[in-house]
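The data block below is data-v3.pdb; it holds PDB, C-alpha atoms and all ligand atoms.
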```pdb
ATOM      1  CA  MET A  24       0.000   0.000   0.000  1.00  0.00           C
ATOM      2  CA  GLU A  25       1.324   3.398  -0.954  1.00  0.00           C
ATOM      3  CA  GLN A  26       2.015   5.788   1.905  1.00  0.00           C
ATOM      4  CA  MET A  27      -0.488   8.615   2.201  1.00  0.00           C
ATOM      5  CA  ALA A  28       1.094  12.052   1.740  1.00  0.00           C
ATOM      6  CA  LEU A  29      -0.120  15.380   3.075  1.00  0.00           C
ATOM      7  CA  GLU A  30      -1.517  16.270  -0.337  1.00  0.00           C
ATOM      8  CA  ASP A  31      -3.562  13.049  -0.435  1.00  0.00           C
ATOM      9  CA  PHE A  32      -4.851  13.863   3.033  1.00  0.00           C
ATOM     10  CA  ASN A  33      -5.773  17.389   1.905  1.00  0.00           C
ATOM     11  CA  ARG A  34      -7.444  16.108  -1.240  1.00  0.00           C
ATOM     12  CA  LEU A  35      -9.730  14.070   1.004  1.00  0.00           C
ATOM     13  CA  ALA A  36     -10.185  16.889   3.533  1.00  0.00           C
ATOM     14  CA  ASN A  37     -11.269  19.257   0.764  1.00  0.00           C
ATOM     15  CA  GLY A  38     -13.074  16.848  -1.491  1.00  0.00           C
ATOM     16  CA  ASP A  39     -14.384  13.947   0.549  1.00  0.00           C
ATOM     17  CA  ARG A  40     -14.413  15.159   4.101  1.00  0.00           C
ATOM     18  CA  VAL A  41     -17.061  12.742   5.340  1.00  0.00           C
ATOM     19  CA  THR A  42     -14.980   9.756   4.263  1.00  0.00           C
ATOM     20  CA  LEU A  43     -11.880  11.147   5.958  1.00  0.00           C
ATOM     21  CA  VAL A  44     -13.684  11.987   9.218  1.00  0.00           C
ATOM     22  CA  LEU A  45     -15.392   8.578   9.339  1.00  0.00           C
ATOM     23  CA  ALA A  46     -12.071   6.860   8.574  1.00  0.00           C
ATOM     24  CA  LEU A  47     -10.496   8.709  11.515  1.00  0.00           C
ATOM     25  CA  GLU A  48     -13.471   7.756  13.657  1.00  0.00           C
ATOM     26  CA  LEU A  49     -13.078   4.119  12.634  1.00  0.00           C
ATOM     27  CA  LEU A  50      -9.382   4.237  13.488  1.00  0.00           C
ATOM     28  CA  LEU A  51      -9.997   5.812  16.895  1.00  0.00           C
ATOM     29  CA  GLN A  52     -12.739   3.366  17.759  1.00  0.00           C
ATOM     30  CA  ASN A  53     -10.816   0.239  16.809  1.00  0.00           C
ATOM     31  CA  GLY A  54      -7.159   1.087  17.015  1.00  0.00           C
ATOM     32  CA  ARG A  55      -4.365   0.581  14.530  1.00  0.00           C
ATOM     33  CA  ASN A  56      -3.732  -3.101  15.309  1.00  0.00           C
ATOM     34  CA  THR A  57      -7.337  -4.165  14.869  1.00  0.00           C
ATOM     35  CA  ILE A  58      -7.684  -2.302  11.577  1.00  0.00           C
ATOM     36  CA  GLN A  59      -4.466  -3.799  10.217  1.00  0.00           C
ATOM     37  CA  ARG A  60      -5.266  -7.338  11.414  1.00  0.00           C
ATOM     38  CA  GLU A  61      -8.862  -7.509  10.270  1.00  0.00           C
ATOM     39  CA  GLU A  62      -9.875  -8.446   6.721  1.00  0.00           C
ATOM     40  CA  PRO A  63     -11.017  -5.283   4.885  1.00  0.00           C
ATOM     41  CA  LEU A  64     -14.254  -7.059   3.936  1.00  0.00           C
ATOM     42  CA  LYS A  65     -14.984  -7.805   7.592  1.00  0.00           C
ATOM     43  CA  LEU A  66     -14.372  -4.148   8.468  1.00  0.00           C
ATOM     44  CA  VAL A  67     -16.761  -3.079   5.729  1.00  0.00           C
ATOM     45  CA  ALA A  68     -19.349  -5.498   7.113  1.00  0.00           C
ATOM     46  CA  ALA A  69     -18.838  -4.101  10.628  1.00  0.00           C
ATOM     47  CA  CYS A  70     -19.226  -0.540   9.308  1.00  0.00           C
ATOM     48  CA  LYS A  71     -22.338  -1.599   7.464  1.00  0.00           C
ATOM     49  CA  GLU A  72     -23.862  -2.759  10.735  1.00  0.00           C
ATOM     50  CA  ARG A  73     -23.094   0.528  12.453  1.00  0.00           C
ATOM     51  CA  ILE A  74     -23.565   3.219   9.808  1.00  0.00           C
ATOM     52  CA  GLY A  75     -24.590   1.234   6.732  1.00  0.00           C
ATOM     53  CA  GLY A  76     -28.061   2.740   6.577  1.00  0.00           C
ATOM     54  CA  PHE A  77     -26.641   6.027   5.362  1.00  0.00           C
ATOM     55  CA  PHE A  78     -23.983   4.770   2.966  1.00  0.00           C
ATOM     56  CA  GLU A  79     -23.641   2.666  -0.154  1.00  0.00           C
ATOM     57  CA  GLU A  80     -21.364  -0.365   0.026  1.00  0.00           C
ATOM     58  CA  GLY A  81     -18.802   1.435  -2.180  1.00  0.00           C
ATOM     59  CA  ALA A  82     -18.685   4.393   0.202  1.00  0.00           C
ATOM     60  CA  LEU A  83     -18.083   2.038   3.153  1.00  0.00           C
ATOM     61  CA  GLN A  84     -15.255   0.340   1.246  1.00  0.00           C
ATOM     62  CA  GLU A  85     -13.736   3.764   0.620  1.00  0.00           C
ATOM     63  CA  ILE A  86     -13.944   4.637   4.345  1.00  0.00           C
ATOM     64  CA  VAL A  87     -12.228   1.357   5.282  1.00  0.00           C
ATOM     65  CA  ASP A  88      -9.621   1.870   2.560  1.00  0.00           C
ATOM     66  CA  VAL A  89      -8.774   5.384   3.785  1.00  0.00           C
ATOM     67  CA  CYS A  90      -8.725   4.125   7.373  1.00  0.00           C
ATOM     68  CA  ARG A  91      -6.201   1.425   6.423  1.00  0.00           C
ATOM     69  CA  GLN A  92      -4.050   4.067   4.744  1.00  0.00           C
ATOM     70  CA  LEU A  93      -4.202   6.138   7.939  1.00  0.00           C
ATOM     71  CA  THR A  94      -3.025   3.162  10.018  1.00  0.00           C
ATOM     72  CA  ALA A  95       0.098   3.008   7.855  1.00  0.00           C
ATOM     73  CA  LEU A  96       1.112   6.467   9.084  1.00  0.00           C
ATOM     74  CA  ASP A  97       3.180   6.971  12.205  1.00  0.00           C
ATOM     75  CA  THR A  98       1.199   8.757  14.902  1.00  0.00           C
ATOM     76  CA  ASN A  99       3.363  11.887  14.712  1.00  0.00           C
ATOM     77  CA  ILE A 100       2.794  12.104  10.965  1.00  0.00           C
ATOM     78  CA  LEU A 101      -0.962  11.643  11.307  1.00  0.00           C
ATOM     79  CA  VAL A 102      -1.114  14.349  14.005  1.00  0.00           C
ATOM     80  CA  ASP A 103       0.988  16.602  11.778  1.00  0.00           C
ATOM     81  CA  PHE A 104      -1.432  16.071   8.865  1.00  0.00           C
ATOM     82  CA  ILE A 105      -4.375  16.911  11.116  1.00  0.00           C
ATOM     83  CA  GLN A 106      -2.659  20.063  12.384  1.00  0.00           C
ATOM     84  CA  ARG A 107      -1.201  21.359   9.121  1.00  0.00           C
ATOM     85  CA  GLY A 108      -3.667  19.890   6.666  1.00  0.00           C
ATOM     86  CA  SER A 109      -6.963  21.187   5.383  1.00  0.00           C
ATOM     87  CA  LEU A 110      -9.185  19.241   7.747  1.00  0.00           C
ATOM     88  CA  ASP A 111      -9.392  22.261  10.020  1.00  0.00           C
ATOM     89  CA  MET A 112     -11.857  20.919  12.584  1.00  0.00           C
ATOM     90  CA  LYS A 113     -12.943  23.199  15.375  1.00  0.00           C
ATOM     91  CA  ALA A 114     -14.264  22.480  18.832  1.00  0.00           C
ATOM     92  CA  PRO A 115     -17.958  23.359  19.138  1.00  0.00           C
ATOM     93  CA  GLY A 116     -18.227  27.055  20.000  1.00  0.00           C
ATOM     94  CA  ALA A 117     -14.609  27.754  19.099  1.00  0.00           C
ATOM     95  CA  GLU A 118     -13.968  31.376  18.199  1.00  0.00           C
ATOM     96  CA  GLU A 119     -13.233  32.312  14.641  1.00  0.00           C
ATOM     97  CA  ALA A 120     -11.521  35.328  13.152  1.00  0.00           C
ATOM     98  CA  GLY A 121     -13.847  37.639  11.243  1.00  0.00           C
ATOM     99  CA  ILE A 122     -17.008  36.159  12.728  1.00  0.00           C
ATOM    100  CA  CYS A 123     -19.128  38.042  15.289  1.00  0.00           C
ATOM    101  CA  PRO A 124     -19.074  36.047  18.544  1.00  0.00           C
ATOM    102  CA  VAL A 125     -22.499  37.490  19.427  1.00  0.00           C
ATOM    103  CA  CYS A 126     -24.540  36.803  16.282  1.00  0.00           C
ATOM    104  CA  GLY A 127     -22.218  34.982  13.875  1.00  0.00           C
ATOM    105  CA  GLY A 128     -22.304  37.849  11.373  1.00  0.00           C
ATOM    106  CA  GLU A 129     -19.328  39.044   9.346  1.00  0.00           C
ATOM    107  CA  LEU A 130     -17.187  41.613  11.148  1.00  0.00           C
ATOM    108  CA  GLU A 131     -16.106  44.971   9.801  1.00  0.00           C
ATOM    109  CA  TYR A 132     -12.623  46.090  10.838  1.00  0.00           C
ATOM    110  CA  VAL A 133     -12.390  49.736  11.850  1.00  0.00           C
ATOM    111  CA  ASP A 134      -8.873  49.954  13.294  1.00  0.00           C
ATOM    112  CA  THR A 135      -5.791  47.961  14.147  1.00  0.00           C
ATOM    113  CA  ILE A 136      -3.512  48.413  17.127  1.00  0.00           C
ATOM    114  CA  ARG A 137      -0.056  46.930  16.797  1.00  0.00           C
ATOM    115  CA  SER A 138       2.003  45.776  19.743  1.00  0.00           C
ATOM    116  CA  ASP A 139       5.406  44.112  20.015  1.00  0.00           C
ATOM    117  CA  ASN A 140       4.224  40.543  19.818  1.00  0.00           C
ATOM    118  CA  GLY A 141       0.999  40.891  17.856  1.00  0.00           C
ATOM    119  CA  GLY A 142      -1.789  43.396  18.317  1.00  0.00           C
ATOM    120  CA  PHE A 143      -5.520  43.943  18.042  1.00  0.00           C
ATOM    121  CA  ALA A 144      -7.943  44.503  15.220  1.00  0.00           C
ATOM    122  CA  VAL A 145     -10.852  46.658  16.385  1.00  0.00           C
ATOM    123  CA  TRP A 146     -14.156  45.507  14.883  1.00  0.00           C
ATOM    124  CA  THR A 147     -17.824  46.293  14.738  1.00  0.00           C
ATOM    125  CA  CYS A 148     -20.593  43.980  13.609  1.00  0.00           C
ATOM    126  CA  PRO A 149     -22.885  45.613  11.033  1.00  0.00           C
ATOM    127  CA  ASP A 150     -25.538  42.965  11.740  1.00  0.00           C
ATOM    128  CA  CYS A 151     -26.054  43.337  15.497  1.00  0.00           C
ATOM    129  CA  GLY A 152     -24.019  46.432  16.455  1.00  0.00           C
ATOM    130  CA  ALA A 153     -21.595  44.525  18.681  1.00  0.00           C
ATOM    131  CA  THR A 154     -18.042  45.849  19.036  1.00  0.00           C
ATOM    132  CA  GLY A 155     -14.801  44.220  20.124  1.00  0.00           C
ATOM    133  CA  LYS A 156     -11.178  43.516  19.386  1.00  0.00           C
ATOM    134  CA  GLU A 157      -9.552  40.493  17.865  1.00  0.00           C
ATOM    135  CA  GLY A 158      -6.274  39.608  19.459  1.00  0.00           C
ATOM    136  CA  TYR A 159      -3.412  38.565  17.236  1.00  0.00           C
ATOM    137  CA  ASP A 160      -0.477  36.623  18.511  1.00  0.00           C
ATOM    138  CA  GLU A 161       1.120  36.501  15.079  1.00  0.00           C
ATOM    139  CA  VAL A 162      -2.042  34.631  14.053  1.00  0.00           C
ATOM    140  CA  PHE A 163      -5.634  34.984  15.265  1.00  0.00           C
ATOM    141  CA  ASP A 164      -5.877  34.312  18.997  1.00  0.00           C
ATOM    142  CA  GLN A 165      -9.279  35.181  20.425  1.00  0.00           C
ATOM    143  CA  HIS A 166     -11.863  37.962  20.772  1.00  0.00           C
ATOM    144  CA  TYR A 167     -11.410  40.601  23.490  1.00  0.00           C
ATOM    145  CA  ASP A 168     -13.590  43.335  24.977  1.00  0.00           C
ATOM    146  CA  VAL A 169     -16.748  42.218  23.196  1.00  0.00           C
ATOM    147  CA  LYS A 170     -19.787  44.435  23.810  1.00  0.00           C
ATOM    148  CA  ASP A 171     -23.194  43.731  22.330  1.00  0.00           C
ATOM    149  CA  GLY A 172     -25.309  46.230  20.403  1.00  0.00           C
ATOM    150  CA  ASP A 173     -26.440  47.786  23.698  1.00  0.00           C
ATOM    151  CA  GLY A 174     -22.862  48.234  24.878  1.00  0.00           C
ATOM    152  CA  LYS A 175     -23.059  45.433  27.460  1.00  0.00           C
ATOM    153  CA  PRO A 176     -20.072  43.087  27.832  1.00  0.00           C
ATOM    154  CA  PHE A 177     -20.432  39.791  25.990  1.00  0.00           C
ATOM    155  CA  PRO A 178     -20.509  37.121  27.234  1.00  0.00           C
ATOM    156  CA  ALA A 179     -22.105  38.604  30.354  1.00  0.00           C
ATOM    157  CA  PRO A 180     -19.616  38.519  33.265  1.00  0.00           C
ATOM    158  CA  ALA A 181     -20.362  35.903  35.928  1.00  0.00           C
ATOM    159  CA  GLU A 182     -22.306  37.321  38.896  1.00  0.00           C
TER     160      GLU A 182
HETATM  161 ZN    ZN A 201     -23.072  40.551  15.458  1.00  0.00          ZN
END
```
Now that the file is in, can you turn its structure into structure tokens?
Ligand SMILES: [Zn+2]
Amino acid sequence: MEQMALEDFNRLANGDRVTLVLALELLLQNGRNTIQREEPLKLVAACKERIGGFFEEGALQEIVDVCRQLTALDTNILVDFIQRGSLDMKAPGAEEAGICPVCGGELEYVDTIRSDNGGFAVWTCPDCGATGKEGYDEVFDQHYDVKDGDGKPFPAPAE
């Protein structure tokens, strides 16, 4: 089996994300040894039992095939692909640059403040009137000083 490269990983992440995510899920649930030991056809059958209702047999074979390619990667390489590649998964509720943390609207930048090791971009949200600053630590860090359209801090401070 040919070793998966970062560009193969990205091709899946951009083009066939569901297959890649389900292949990762399959790997995490069963572990490298089980996936490598088990007959691919048996794995497909096991997948069919669990998620088969939503997928064609060919799609399940593809998931198992990608999963087997993932097991061929060393853990540090797989983690590197996940970090540097195009999969770009976020924790639920994770903050995102350019997105209003109050309403999810697109932010408008009104000013930037540079500092030695990064800086802030001052923003307003045209949709809900919220204001705030995005912190940059070379790259996007998190939102600061968010106030909603009524000028109240967001999220509301704990009592
Ligand atoms: Zn907003």
What does the PyMOL selection byres (((not hetatm)) within 7 of (chain A and resi 201)) select in this file, as a PDB file with C-alpha atoms, keeping the file's coordinate frame?
```
ATOM      1  CA  CYS A 123     -19.128  38.042  15.289  1.00  0.00           C
ATOM      2  CA  PRO A 124     -19.074  36.047  18.544  1.00  0.00           C
ATOM      3  CA  VAL A 125     -22.499  37.490  19.427  1.00  0.00           C
ATOM      4  CA  CYS A 126     -24.540  36.803  16.282  1.00  0.00           C
ATOM      5  CA  GLY A 127     -22.218  34.982  13.875  1.00  0.00           C
ATOM      6  CA  GLY A 128     -22.304  37.849  11.373  1.00  0.00           C
ATOM      7  CA  CYS A 148     -20.593  43.980  13.609  1.00  0.00           C
ATOM      8  CA  PRO A 149     -22.885  45.613  11.033  1.00  0.00           C
ATOM      9  CA  ASP A 150     -25.538  42.965  11.740  1.00  0.00           C
ATOM     10  CA  CYS A 151     -26.054  43.337  15.497  1.00  0.00           C
ATOM     11  CA  GLY A 152     -24.019  46.432  16.455  1.00  0.00           C
ATOM     12  CA  ALA A 153     -21.595  44.525  18.681  1.00  0.00           C
TER      13      ALA A 153
END
```
- Message: If the PyMOL selection byres (((chain A and resi 82-89) around 8) and not hetatm) were run on this exact file, what residues would it hold? Put them as a ChimeraX atom specification.
- Response: /A:42-43,45-46,49,63-64,66-67,70-71,75,78-81,90-93
- Task: Determine, counting all atoms listed in the file, which protein, DNA and RNA residues have an atom within 8 Å of an atom of region 101-115 of chain A; residues of the same chain fewer than 3 positions away are not included. Present the result as a ChimeraX atom specification.
- Result: /A:29,32-33,36-37,40,93,96-98
For Thr147 (chain A), find every residue with an atom within 10 Å (counting all atoms listed in the file), except residues of its own chain fewer than 2 positions away, and show them as an mmCIF file with C-alpha atoms, in the coordinates of the input.
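Result file is selection_19.cif:
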```cif
data_model
loop_
_atom_site.group_PDB
_atom_site.id
_atom_site.type_symbol
_atom_site.label_atom_id
_atom_site.label_comp_id
_atom_site.auth_asym_id
_atom_site.auth_seq_id
_atom_site.Cartn_x
_atom_site.Cartn_y
_atom_site.Cartn_z
ATOM 1 C CA CYS A 123 -19.128 38.042 15.289
ATOM 2 C CA GLU A 129 -19.328 39.044 9.346
ATOM 3 C CA LEU A 130 -17.187 41.613 11.148
ATOM 4 C CA GLU A 131 -16.106 44.971 9.801
ATOM 5 C CA TYR A 132 -12.623 46.090 10.838
ATOM 6 C CA VAL A 133 -12.390 49.736 11.850
ATOM 7 C CA ASP A 134 -8.873 49.954 13.294
ATOM 8 C CA VAL A 145 -10.852 46.658 16.385
ATOM 9 C CA PRO A 149 -22.885 45.613 11.033
ATOM 10 C CA ASP A 150 -25.538 42.965 11.740
ATOM 11 C CA CYS A 151 -26.054 43.337 15.497
ATOM 12 C CA GLY A 152 -24.019 46.432 16.455
ATOM 13 C CA ALA A 153 -21.595 44.525 18.681
ATOM 14 C CA THR A 154 -18.042 45.849 19.036
ATOM 15 C CA GLY A 155 -14.801 44.220 20.124
ATOM 16 C CA LYS A 156 -11.178 43.516 19.386
ATOM 17 C CA VAL A 169 -16.748 42.218 23.196
ATOM 18 C CA LYS A 170 -19.787 44.435 23.810
ATOM 19 C CA ASP A 171 -23.194 43.731 22.330
ATOM 20 C CA GLY A 172 -25.309 46.230 20.403
#
```
- Could you jot down the CA of Ile74 (chain A) to CA of Glu25 (chain A) separation for me, Å, one decimal place? 27.1 Å
Is there a way to complete region 153-178 of chain A with N, CA, C and O atoms and then write that out as a PDB file, in the coordinates of the input?
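See selection.pdb below for the written result:
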```pdb
ATOM      1  N   ALA A 153     -22.612  44.858  17.686  1.00  0.00           N
ATOM      2  CA  ALA A 153     -21.595  44.525  18.681  1.00  0.00           C
ATOM      3  C   ALA A 153     -20.251  45.133  18.287  1.00  0.00           C
ATOM      4  O   ALA A 153     -20.007  45.416  17.113  1.00  0.00           O
ATOM      5  N   THR A 154     -19.396  45.363  19.286  1.00  0.00           N
ATOM      6  CA  THR A 154     -18.042  45.849  19.036  1.00  0.00           C
ATOM      7  C   THR A 154     -17.062  44.963  19.789  1.00  0.00           C
ATOM      8  O   THR A 154     -17.449  44.277  20.740  1.00  0.00           O
ATOM      9  N   GLY A 155     -15.804  45.000  19.400  1.00  0.00           N
ATOM     10  CA  GLY A 155     -14.801  44.220  20.124  1.00  0.00           C
ATOM     11  C   GLY A 155     -13.452  44.329  19.453  1.00  0.00           C
ATOM     12  O   GLY A 155     -13.254  45.114  18.531  1.00  0.00           O
ATOM     13  N   LYS A 156     -12.517  43.553  19.970  1.00  0.00           N
ATOM     14  CA  LYS A 156     -11.178  43.516  19.386  1.00  0.00           C
ATOM     15  C   LYS A 156     -10.785  42.067  19.187  1.00  0.00           C
ATOM     16  O   LYS A 156     -11.067  41.220  20.035  1.00  0.00           O
ATOM     17  N   GLU A 157     -10.131  41.812  18.075  1.00  0.00           N
ATOM     18  CA  GLU A 157      -9.552  40.493  17.865  1.00  0.00           C
ATOM     19  C   GLU A 157      -8.096  40.561  18.238  1.00  0.00           C
ATOM     20  O   GLU A 157      -7.382  41.455  17.788  1.00  0.00           O
ATOM     21  N   GLY A 158      -7.673  39.637  19.075  1.00  0.00           N
ATOM     22  CA  GLY A 158      -6.274  39.608  19.459  1.00  0.00           C
ATOM     23  C   GLY A 158      -5.469  38.804  18.471  1.00  0.00           C
ATOM     24  O   GLY A 158      -5.889  37.746  18.023  1.00  0.00           O
ATOM     25  N   TYR A 159      -4.319  39.311  18.108  1.00  0.00           N
ATOM     26  CA  TYR A 159      -3.412  38.565  17.236  1.00  0.00           C
ATOM     27  C   TYR A 159      -2.121  38.280  17.967  1.00  0.00           C
ATOM     28  O   TYR A 159      -1.520  39.182  18.532  1.00  0.00           O
ATOM     29  N   ASP A 160      -1.763  37.024  17.965  1.00  0.00           N
ATOM     30  CA  ASP A 160      -0.477  36.623  18.511  1.00  0.00           C
ATOM     31  C   ASP A 160       0.246  36.032  17.308  1.00  0.00           C
ATOM     32  O   ASP A 160       0.332  34.832  17.158  1.00  0.00           O
ATOM     33  N   GLU A 161       0.647  36.885  16.415  1.00  0.00           N
ATOM     34  CA  GLU A 161       1.120  36.501  15.079  1.00  0.00           C
ATOM     35  C   GLU A 161      -0.065  36.010  14.228  1.00  0.00           C
ATOM     36  O   GLU A 161      -0.266  36.484  13.138  1.00  0.00           O
ATOM     37  N   VAL A 162      -0.826  35.059  14.742  1.00  0.00           N
ATOM     38  CA  VAL A 162      -2.042  34.631  14.053  1.00  0.00           C
ATOM     39  C   VAL A 162      -3.223  34.917  14.971  1.00  0.00           C
ATOM     40  O   VAL A 162      -3.042  35.299  16.119  1.00  0.00           O
ATOM     41  N   PHE A 163      -4.441  34.720  14.468  1.00  0.00           N
ATOM     42  CA  PHE A 163      -5.634  34.984  15.265  1.00  0.00           C
ATOM     43  C   PHE A 163      -5.591  34.217  16.578  1.00  0.00           C
ATOM     44  O   PHE A 163      -5.287  33.038  16.611  1.00  0.00           O
ATOM     45  N   ASP A 164      -5.888  34.915  17.687  1.00  0.00           N
ATOM     46  CA  ASP A 164      -5.877  34.312  18.997  1.00  0.00           C
ATOM     47  C   ASP A 164      -7.301  34.163  19.527  1.00  0.00           C
ATOM     48  O   ASP A 164      -7.860  33.076  19.549  1.00  0.00           O
ATOM     49  N   GLN A 165      -7.905  35.260  19.936  1.00  0.00           N
ATOM     50  CA  GLN A 165      -9.279  35.181  20.425  1.00  0.00           C
ATOM     51  C   GLN A 165      -9.897  36.575  20.424  1.00  0.00           C
ATOM     52  O   GLN A 165      -9.211  37.553  20.167  1.00  0.00           O
ATOM     53  N   HIS A 166     -11.198  36.671  20.703  1.00  0.00           N
ATOM     54  CA  HIS A 166     -11.863  37.962  20.772  1.00  0.00           C
ATOM     55  C   HIS A 166     -11.708  38.557  22.173  1.00  0.00           C
ATOM     56  O   HIS A 166     -11.742  37.844  23.174  1.00  0.00           O
ATOM     57  N   TYR A 167     -11.514  39.900  22.217  1.00  0.00           N
ATOM     58  CA  TYR A 167     -11.410  40.601  23.490  1.00  0.00           C
ATOM     59  C   TYR A 167     -12.455  41.706  23.555  1.00  0.00           C
ATOM     60  O   TYR A 167     -12.860  42.241  22.519  1.00  0.00           O
ATOM     61  N   ASP A 168     -12.786  42.123  24.768  1.00  0.00           N
ATOM     62  CA  ASP A 168     -13.590  43.335  24.977  1.00  0.00           C
ATOM     63  C   ASP A 168     -14.835  43.368  24.106  1.00  0.00           C
ATOM     64  O   ASP A 168     -15.158  44.396  23.505  1.00  0.00           O
ATOM     65  N   VAL A 169     -15.552  42.249  24.040  1.00  0.00           N
ATOM     66  CA  VAL A 169     -16.748  42.218  23.196  1.00  0.00           C
ATOM     67  C   VAL A 169     -17.900  42.888  23.927  1.00  0.00           C
ATOM     68  O   VAL A 169     -18.152  42.605  25.105  1.00  0.00           O
ATOM     69  N   LYS A 170     -18.572  43.819  23.265  1.00  0.00           N
ATOM     70  CA  LYS A 170     -19.787  44.435  23.810  1.00  0.00           C
ATOM     71  C   LYS A 170     -20.895  44.278  22.798  1.00  0.00           C
ATOM     72  O   LYS A 170     -20.677  44.462  21.599  1.00  0.00           O
ATOM     73  N   ASP A 171     -22.094  43.936  23.266  1.00  0.00           N
ATOM     74  CA  ASP A 171     -23.194  43.731  22.330  1.00  0.00           C
ATOM     75  C   ASP A 171     -23.730  45.075  21.836  1.00  0.00           C
ATOM     76  O   ASP A 171     -23.194  46.130  22.164  1.00  0.00           O
ATOM     77  N   GLY A 172     -24.783  45.026  21.021  1.00  0.00           N
ATOM     78  CA  GLY A 172     -25.309  46.230  20.403  1.00  0.00           C
ATOM     79  C   GLY A 172     -25.754  47.274  21.404  1.00  0.00           C
ATOM     80  O   GLY A 172     -25.837  48.469  21.092  1.00  0.00           O
ATOM     81  N   ASP A 173     -26.040  46.852  22.639  1.00  0.00           N
ATOM     82  CA  ASP A 173     -26.440  47.786  23.698  1.00  0.00           C
ATOM     83  C   ASP A 173     -25.254  48.241  24.535  1.00  0.00           C
ATOM     84  O   ASP A 173     -25.419  48.930  25.535  1.00  0.00           O
ATOM     85  N   GLY A 174     -24.055  47.822  24.152  1.00  0.00           N
ATOM     86  CA  GLY A 174     -22.862  48.234  24.878  1.00  0.00           C
ATOM     87  C   GLY A 174     -22.579  47.400  26.110  1.00  0.00           C
ATOM     88  O   GLY A 174     -21.696  47.736  26.905  1.00  0.00           O
ATOM     89  N   LYS A 175     -23.310  46.285  26.283  1.00  0.00           N
ATOM     90  CA  LYS A 175     -23.059  45.433  27.460  1.00  0.00           C
ATOM     91  C   LYS A 175     -21.997  44.398  27.109  1.00  0.00           C
ATOM     92  O   LYS A 175     -21.970  43.881  25.985  1.00  0.00           O
ATOM     93  N   PRO A 176     -21.123  44.091  28.084  1.00  0.00           N
ATOM     94  CA  PRO A 176     -20.072  43.087  27.832  1.00  0.00           C
ATOM     95  C   PRO A 176     -20.669  41.751  27.414  1.00  0.00           C
ATOM     96  O   PRO A 176     -21.735  41.354  27.912  1.00  0.00           O
ATOM     97  N   PHE A 177     -19.985  41.100  26.460  1.00  0.00           N
ATOM     98  CA  PHE A 177     -20.432  39.791  25.990  1.00  0.00           C
ATOM     99  C   PHE A 177     -19.247  38.838  25.963  1.00  0.00           C
ATOM    100  O   PHE A 177     -18.197  39.202  25.445  1.00  0.00           O
ATOM    101  N   PRO A 178     -19.344  37.608  26.474  1.00  0.00           N
ATOM    102  CA  PRO A 178     -20.509  37.121  27.234  1.00  0.00           C
ATOM    103  C   PRO A 178     -20.662  37.871  28.546  1.00  0.00           C
ATOM    104  O   PRO A 178     -19.677  38.423  29.051  1.00  0.00           O
TER     105      PRO A 178
END
```
